[in-house]
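The block underneath contains the structure these notes are about, expressed in structure tokens.
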Amino acid sequence: WALTAPSRRKDIKPVRTILAPSALSDIDHHWKDAQFATSGDSLCLWDSQRSDPLLNYKWGADSITSVRFNPAEACLLASTGSDRSVCLYDLRVSVPMRKFIMSMKSNCIAWNPQEPFNFTLANEDYNLYTYDMRNLSKALMIHKDHVSAVTSVAYSPTGKEFVSGS
């Protein structure tokens, strides 16, 4: 992947190119710091000025499918895995914080920007699930009516609406 700076020229060149140790499936930029996270064989936290990851998390899944920083709590990060797992990370410690398993695989995760403990999962079972990270035993809400696997989800800046695709 490449980090690019805004330019008015037609021949935009990357500011910096960093080679990852394996194929990547997702990327998300930190909301405040010059850091970004990638998913693939593992979840890596990178500093934009270094060519090696700052942290490398692996917690059982064959591959990490999506990764998102929490927009309100800058130290929180969440990921979905190919083993149906959802993992929560606190970047202040070097080990993952919580992990739970869904009945089917989740394809994408999105944090609510106004309710920082809540996130929504886009799932293979045609539904979206909203959770409170403080109580992962039961979803706060199950959003239905897709006719195929839900592959993406994103919140509006107000946190009152989200969009999803399948």
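By convention here, the chains of the structure tokens are called A, B, ... in the order presented, each chain's residues are numbered starting at 1, and ligands are numbered starting at 1 in the order presented.
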
> So which residues touch Gln49 in chain A within 9 Å, counting only C-alpha atoms, skipping near sequence neighbours fewer than 6 positions away, as a list in words?
Replying inline: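 Selected residues are Arg16, Ala34 and Gln35 of chain A.
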
> Contacts of Arg84 in chain A at 9 Å or less, counting only C-alpha atoms, minus same-chain residues fewer than 5 places along, as a ChimeraX atom specification?
Replying inline: /A:61,100-106

Residues just named, written with N, CA and C atoms as a CSV table (one decimal), in the first residue's frame:
```csv
chain,number,residue,atom,x,y,z
A,61,ALA,N,-7.1,-16.6,14.8
A,61,ALA,CA,-7.8,-16.6,13.5
A,61,ALA,C,-6.8,-16.8,12.4
A,100,PHE,N,-14.8,-12.6,21.2
A,100,PHE,CA,-16.0,-13.5,21.3
A,100,PHE,C,-16.2,-14.0,19.9
A,101,ILE,N,-17.0,-15.1,19.8
A,101,ILE,CA,-17.2,-15.8,18.6
A,101,ILE,C,-18.7,-15.6,18.2
A,102,MET,N,-18.9,-15.2,16.9
A,102,MET,CA,-20.3,-15.1,16.4
A,102,MET,C,-20.6,-16.5,15.8
A,103,SER,N,-21.9,-16.7,15.5
A,103,SER,CA,-22.4,-18.0,14.9
A,103,SER,C,-21.9,-18.1,13.4
A,104,MET,N,-21.8,-16.9,12.7
A,104,MET,CA,-21.3,-16.9,11.4
A,104,MET,C,-20.3,-15.7,11.3
A,105,LYS,N,-19.5,-15.7,10.2
A,105,LYS,CA,-18.4,-14.8,10.1
A,105,LYS,C,-18.9,-13.3,9.9
A,106,SER,N,-18.3,-12.4,10.5
A,106,SER,CA,-18.5,-11.0,10.3
A,106,SER,C,-17.5,-10.4,9.2
```

> Which of these residues is nearest to Trp111 in chain A, using only C-alpha atoms: A:Arg134, A:Tyr129, A:Ser79, A:Tyr155?
Replying inline: A:Tyr155

>> Set the distance at 12 Å and use only C-alpha atoms: which residues neighbour Tyr89 in chain A once local chain neighbours fewer than 5 positions away are removed? I'd like the list as a VMD selection string.
In response: chain A and resid 37 43 to 45 55 to 59 67 to 70 73 to 80 94 to 99 133

>> Based on the backbone DSSP call, show me all residues of range 10-154 of chain A assigned strand (DSSP E), as JSON, numbers by chain.
In response: {"A": [14, 15, 16, 17, 24, 25, 26, 27, 28, 29, 35, 36, 37, 38, 39, 40, 43, 44, 45, 46, 47, 55, 56, 57, 64, 65, 66, 67, 68, 69, 76, 77, 78, 79, 80, 81, 85, 86, 87, 88, 89, 90, 98, 99, 100, 101, 106, 107, 108, 109, 110, 111, 118, 119, 120, 121, 122, 123, 128, 129, 130, 131, 132, 141, 142, 143, 152, 153, 154]}

Contact table range 41-76 of chain A vs range 18-25 of chain A, cut-off 10 Å, shortest pair per residue, only C-alpha atoms, as a Markdown table:
```
| residue | atom | partner | partner_atom | distance |
| --- | --- | --- | --- | --- |
| A:Asp41 | CA | A:Ser22 | CA | 6.7 |
| A:Ser42 | CA | A:Ser22 | CA | 8.8 |
| A:Leu43 | CA | A:Leu24 | CA | 9.4 |
| A:Cys44 | CA | A:Ala20 | CA | 9.3 |
| A:Trp46 | CA | A:Ile18 | CA | 9.9 |
| A:Ser48 | CA | A:Ile18 | CA | 8.7 |
| A:Gln49 | CA | A:Ile18 | CA | 9.5 |
| A:Arg50 | CA | A:Ile18 | CA | 8.3 |
| A:Ser51 | CA | A:Ile18 | CA | 5.8 |
| A:Asp52 | CA | A:Ala20 | CA | 8.2 |
| A:Pro53 | CA | A:Ala20 | CA | 8.7 |
| A:Ser63 | CA | A:Ser25 | CA | 8.7 |
| A:Ile64 | CA | A:Ser25 | CA | 7.4 |
| A:Thr65 | CA | A:Ser25 | CA | 5.8 |
| A:Ser66 | CA | A:Ser25 | CA | 6.8 |
| A:Val67 | CA | A:Ser25 | CA | 9.0 |
```

>> as a PyMOL selection string, please: the residues near Asn127 in chain A (cut-off 12 Å, only C-alpha atoms, same-chain neighbours under 2 positions excluded).
In response: chain A and resi 102-108+120-125+129-130+139+141-153+164-166

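In this model, the gap between CA of Phe119 in chain A and CA of His30 in chain A comes to 16.5 Å.
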